[in-house]
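A.B. asks: This is input_3.cif, which holds mmCIF, C-alpha atoms:
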```cif
data_entry
loop_
_atom_site.label_atom_id
_atom_site.label_comp_id
_atom_site.auth_asym_id
_atom_site.auth_seq_id
_atom_site.Cartn_x
_atom_site.Cartn_y
_atom_site.Cartn_z
CA MET O 1 23.67 24.79 84.32
CA ALA O 2 22.46 27.91 86.17
CA GLY O 3 25.45 27.71 88.51
CA HIS O 4 27.85 27.81 85.57
CA VAL O 5 26.11 30.86 84.14
CA LEU O 6 26.24 32.72 87.48
CA ARG O 7 29.97 31.95 87.90
CA TYR O 8 30.60 33.17 84.34
CA LEU O 9 28.72 36.42 85.01
CA ARG O 10 30.62 37.03 88.27
CA ARG O 11 33.94 36.49 86.49
CA ALA O 12 32.87 38.79 83.66
CA ARG O 13 32.03 41.56 86.17
CA ILE O 14 35.38 41.15 87.90
CA ALA O 15 37.24 41.13 84.58
CA ALA O 16 35.38 44.23 83.41
CA ALA O 17 36.39 46.06 86.60
CA LEU O 18 40.10 45.46 85.99
CA VAL O 19 41.80 48.38 84.29
CA LEU O 20 45.40 49.33 83.75
CA PRO O 21 46.48 52.98 83.82
CA ILE O 22 48.51 54.15 80.85
CA ALA O 23 51.54 56.06 82.19
CA GLY O 24 51.41 59.77 81.45
CA ALA O 25 48.29 59.47 79.29
CA GLY O 26 45.75 60.07 82.02
CA ALA O 27 43.48 57.48 80.41
CA LEU O 28 42.48 53.94 81.30
CA LEU O 29 42.78 50.81 79.22
CA GLY O 30 40.39 47.94 79.89
CA VAL O 31 41.86 44.45 80.13
CA PHE O 32 38.91 43.12 78.16
CA ALA O 33 38.00 45.65 75.52
CA ALA O 34 34.33 45.94 74.64
CA PRO O 35 33.37 45.96 70.97
CA ALA O 36 33.28 49.37 69.33
CA TRP O 37 29.74 50.65 68.82
CA ALA O 38 28.54 53.23 66.37
CA GLY O 39 28.03 56.68 67.79
CA CYS O 40 24.40 57.17 66.80
CA LYS O 41 24.27 60.37 68.81
CA ASP O 42 27.48 61.71 67.26
CA HIS O 43 27.11 64.91 65.26
CA PRO O 44 27.46 64.65 61.48
CA GLY O 45 30.99 65.10 60.22
CA PRO O 46 33.73 63.51 58.14
CA GLY O 47 34.32 59.87 59.10
CA VAL O 48 31.32 59.64 61.45
CA ASP O 49 30.29 56.06 62.28
CA TRP O 50 26.52 55.67 62.17
CA THR O 51 26.55 51.93 61.50
CA GLY O 52 23.00 50.60 61.92
CA CYS O 53 21.72 53.94 63.24
CA GLN O 54 18.21 55.35 62.67
CA LYS O 55 18.61 58.77 61.04
CA THR O 56 15.22 59.21 59.35
CA LYS O 57 13.55 62.50 58.44
CA LEU O 58 16.59 64.65 59.29
CA ILE O 59 17.86 67.74 57.52
CA LEU O 60 21.54 67.14 56.74
CA LYS O 61 21.67 69.48 53.77
CA ASP O 62 25.23 70.40 52.66
CA GLU O 63 26.82 68.37 55.49
CA ASP O 64 30.36 67.03 55.12
CA LEU O 65 30.11 63.26 55.60
CA GLN O 66 33.19 62.24 53.61
CA GLY O 67 34.34 58.73 54.47
CA ALA O 68 31.40 58.21 56.86
CA ASN O 69 30.44 54.65 57.78
CA LEU O 70 26.69 54.41 57.23
CA THR O 71 26.50 50.64 56.83
CA ARG O 72 22.91 49.41 57.40
CA ALA O 73 21.91 52.92 58.57
CA ASP O 74 18.32 54.02 57.96
CA LEU O 75 18.37 57.45 56.33
CA SER O 76 14.87 57.25 54.85
CA MET O 77 13.24 60.58 53.99
CA THR O 78 16.36 62.49 55.10
CA ASP O 79 17.43 65.61 53.21
CA LEU O 80 21.06 65.14 52.13
CA SER O 81 20.90 67.66 49.28
CA GLY O 82 24.37 68.95 48.44
CA ALA O 83 25.96 66.75 51.12
CA ASP O 84 29.49 65.46 50.56
CA LEU O 85 29.42 61.67 50.94
CA GLY O 86 32.56 61.07 48.91
CA GLY O 87 34.07 57.69 49.80
CA ALA O 88 31.30 56.97 52.31
CA ILE O 89 30.29 53.40 53.09
CA LEU O 90 26.55 52.97 52.59
CA VAL O 91 26.46 49.18 52.26
CA GLU O 92 22.90 47.89 52.85
CA ALA O 93 21.82 51.39 53.92
CA THR O 94 18.17 52.39 53.55
CA LEU O 95 17.80 55.66 51.66
CA SER O 96 14.21 55.30 50.47
CA ARG O 97 12.62 58.62 49.53
CA THR O 98 15.83 60.37 50.57
CA ARG O 99 16.71 63.67 48.91
CA LEU O 100 20.29 63.59 47.53
CA THR O 101 19.96 66.35 44.93
CA GLY O 102 23.43 67.54 43.96
CA ALA O 103 25.07 65.30 46.57
CA LYS O 104 28.68 64.19 46.11
CA LEU O 105 28.84 60.39 46.25
CA ALA O 106 31.98 59.91 44.15
CA GLY O 107 33.71 56.69 45.14
CA ALA O 108 30.99 55.83 47.68
CA ASP O 109 30.04 52.20 48.32
CA LEU O 110 26.28 51.75 47.91
CA THR O 111 26.35 47.96 47.54
CA LYS O 112 22.89 46.51 48.27
CA ALA O 113 21.63 49.95 49.34
CA MET O 114 17.91 50.63 49.09
CA LEU O 115 17.27 53.89 47.26
CA ASP O 116 13.64 53.42 46.18
CA ARG O 117 12.15 56.74 45.06
CA ALA O 118 15.31 58.59 46.14
CA VAL O 119 16.06 61.89 44.42
CA LEU O 120 19.63 61.86 43.09
CA ALA O 121 19.16 64.53 40.41
CA LYS O 122 22.49 66.19 39.51
CA ALA O 123 24.28 63.98 42.06
CA ASP O 124 27.89 62.95 41.47
CA LEU O 125 28.14 59.15 41.66
CA GLY O 126 31.30 58.91 39.59
CA ASN O 127 33.13 55.62 40.25
CA ALA O 128 30.62 54.72 42.96
CA ARG O 129 29.87 51.07 43.72
CA ALA O 130 26.16 50.27 43.65
CA GLU O 131 26.03 46.56 42.86
CA LYS O 132 22.68 45.00 43.69
CA ALA O 133 21.34 48.41 44.79
CA GLU O 134 17.59 48.99 44.63
CA LEU O 135 16.89 52.19 42.72
CA ASP O 136 13.26 51.59 41.74
CA ARG O 137 11.63 54.86 40.63
CA ALA O 138 14.75 56.80 41.68
CA ASP O 139 15.37 60.17 40.04
CA LEU O 140 18.89 60.10 38.60
CA SER O 141 18.27 62.84 36.04
CA ASN O 142 21.43 64.67 35.00
CA ALA O 143 23.45 62.63 37.52
CA ASN O 144 27.10 61.76 36.93
CA LEU O 145 27.35 57.96 36.91
CA ALA O 146 30.57 57.81 34.89
CA GLY O 147 32.53 54.72 35.84
CA ALA O 148 29.92 53.66 38.42
CA ASN O 149 29.27 49.97 39.00
CA LEU O 150 25.52 49.33 38.84
CA ALA O 151 25.78 45.60 38.08
CA LYS O 152 22.69 43.61 39.07
CA SER O 153 20.96 46.78 40.32
CA GLU O 154 17.20 47.28 40.20
CA LEU O 155 16.48 50.41 38.16
CA SER O 156 12.88 49.79 37.15
CA ARG O 157 11.05 53.01 36.33
CA ALA O 158 14.17 55.00 37.28
CA HIS O 159 14.56 58.37 35.60
CA LEU O 160 18.03 58.57 34.02
CA GLY O 161 17.32 61.39 31.57
CA GLY O 162 20.48 63.37 30.84
CA ALA O 163 22.60 61.15 33.11
CA ASP O 164 26.24 60.48 32.22
CA LEU O 165 26.62 56.70 32.13
CA SER O 166 29.92 56.65 30.25
CA GLY O 167 32.07 53.77 31.41
CA ALA O 168 29.40 52.64 33.89
CA SER O 169 28.74 48.93 34.36
CA LEU O 170 25.10 47.99 33.95
CA ALA O 171 25.74 44.25 33.61
CA ARG O 172 22.55 42.33 34.44
CA ALA O 173 20.90 45.51 35.78
CA TYR O 174 17.11 45.51 35.65
CA LEU O 175 15.99 48.55 33.64
CA ALA O 176 12.31 47.79 32.97
CA ARG O 177 10.47 50.97 32.04
CA ALA O 178 13.50 53.11 32.96
CA ASP O 179 13.68 56.51 31.26
CA LEU O 180 17.02 56.86 29.46
CA LYS O 181 16.10 59.82 27.21
CA GLY O 182 19.12 62.02 26.63
CA ALA O 183 21.40 59.82 28.74
CA LYS O 184 25.03 59.61 27.68
#
```
Turn this file's structure into structure tokens for me.
C.D. replies:
Amino acid sequence: MAGHVLRYLRRARIAAALVLPIAGAGALLGVFAAPAWAGCKDHPGPGVDWTGCQKTKLILKDEDLQGANLTRADLSMTDLSGADLGGAILVEATLSRTRLTGAKLAGADLTKAMLDRAVLAKADLGNARAEKAELDRADLSNANLAGANLAKSELSRAHLGGADLSGASLARAYLARADLKGAK
């Protein structure tokens, strides 16, 4: 068995060393392409891929992160106040205690995201997807949730005072002790 593994590793090293030059491009193309990895050290910007990255306790206030891929990223306790996350993918992302005051999350995908105690006051979540999201004790006061999908989301003790929920789906959402005073 060990002999087979060693032969496989030798072949893999040889295969990885083979490259073909692309004429006129000045670049190299690997015969066996490695899987694409998230650029956790990449600077914030539109379309950045921070899949599975640890980005806790950062100050990303007013950053442009439109269309960013933040799937399973940990952004706990990060300041994203005023940030533009329009169309961003935040599936299964951890945003616990994250500050998103006035953030633009229109059309973002927050499916199964964890936003416990997150501050989303005055945030724009219009047409956002947040099915099965955990928003326990989240502050969504005066937030725009028009057309958002919050089906099966946990919103216990969430503050939704003054929030615009027109056209939002709250099917089977858990709203125990949620504050809906003045919500539309």
A.B. asks: As a check of understanding, name the residues that the PyMOL selection byres ((chain O and resi 137) around 6) selects in the supplied structure, as a list in words.
C.D. replies: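 Checking the PyMOL selection byres ((chain O and resi 137) around 6) against this file, the residues are Arg117, Asp136, Ala138, Arg157 and Ala158 of chain O.
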A.B. asks: Find the distance between atom CA of Ser169 of chain O and atom CA of Thr51 of chain O and write it in Å to one decimal.
C.D. replies: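 Interatomic distance, atom CA of Ser169 of chain O to atom CA of Thr51 of chain O: 27.4 Å.
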A.B. asks: To verify the selection step, state as a PDB file with C-alpha atoms, in the frame of the given file which residues the PyMOL selection byres ((chain O and resi 113) around 6) yields on this input.
C.D. replies:
```
ATOM      1  CA  VAL O  91      26.460  49.180  52.260  1.00  0.00           C
ATOM      2  CA  GLU O  92      22.900  47.890  52.850  1.00  0.00           C
ATOM      3  CA  ALA O  93      21.820  51.390  53.920  1.00  0.00           C
ATOM      4  CA  THR O  94      18.170  52.390  53.550  1.00  0.00           C
ATOM      5  CA  LEU O 110      26.280  51.750  47.910  1.00  0.00           C
ATOM      6  CA  THR O 111      26.350  47.960  47.540  1.00  0.00           C
ATOM      7  CA  LYS O 112      22.890  46.510  48.270  1.00  0.00           C
ATOM      8  CA  MET O 114      17.910  50.630  49.090  1.00  0.00           C
ATOM      9  CA  ALA O 133      21.340  48.410  44.790  1.00  0.00           C
TER      10      ALA O 133
END
```
A.B. asks: Which residues fall under the PyMOL selection byres ((chain O and resi 144) around 8) in this file, as an NGL selection string?
C.D. replies: :O and (122-126 or 142-143 or 145-146 or 163-165)
A.B. asks: Go through O:Thr101, O:Ser141, O:Gln66, O:Asn149 one by one, measure the shortest atom-to-atom distance of each to Ala128 of chain O using only C-alpha atoms, and give the residue with the smallest value.
C.D. replies: O:Asn149
A.B. asks: With distances taken over only C-alpha atoms, which of O:His43, O:Ala168, O:Asp62, O:Met77 is nearest to Lys184 of chain O?
C.D. replies: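 Of O:His43, O:Ala168, O:Asp62, O:Met77, the one nearest Lys184 of chain O is O:Ala168, counting only C-alpha atoms.
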A.B. asks: Provide the atom CA of Asn127 of chain O to atom CA of Lys104 of chain O distance in Å, to one decimal place.
C.D. replies: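 Going from atom CA of Asn127 of chain O over to atom CA of Lys104 of chain O, I get 11.3 Å.
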A.B. asks: Mind giving me the straight-line distance from atom CA of Ala178 of chain O to atom CA of Leu105 of chain O in Å, one decimal?
C.D. replies: 21.6 Å
A.B. asks: Hey, which of O:Leu155, O:Val48, O:Ala121, O:Leu150 ends up closest to Ala176 of chain O? Count all atoms listed in the file.
C.D. replies: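 The answer is O:Leu155, which sits nearest to Ala176 of chain O.
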A.B. asks: Nearest to Asp79 of chain O: which of O:Thr98, O:Lys41, O:Asp64, O:Ser156 is it, counting all atoms listed in the file?
C.D. replies: O:Thr98
A.B. asks: Have a look at O:Ser153, O:Ala73, O:Gly39, O:Gly67 and name the one nearest to Lys55 of chain O; count only C-alpha atoms.
C.D. replies: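 Closest to Lys55 of chain O of all the choices is O:Ala73.
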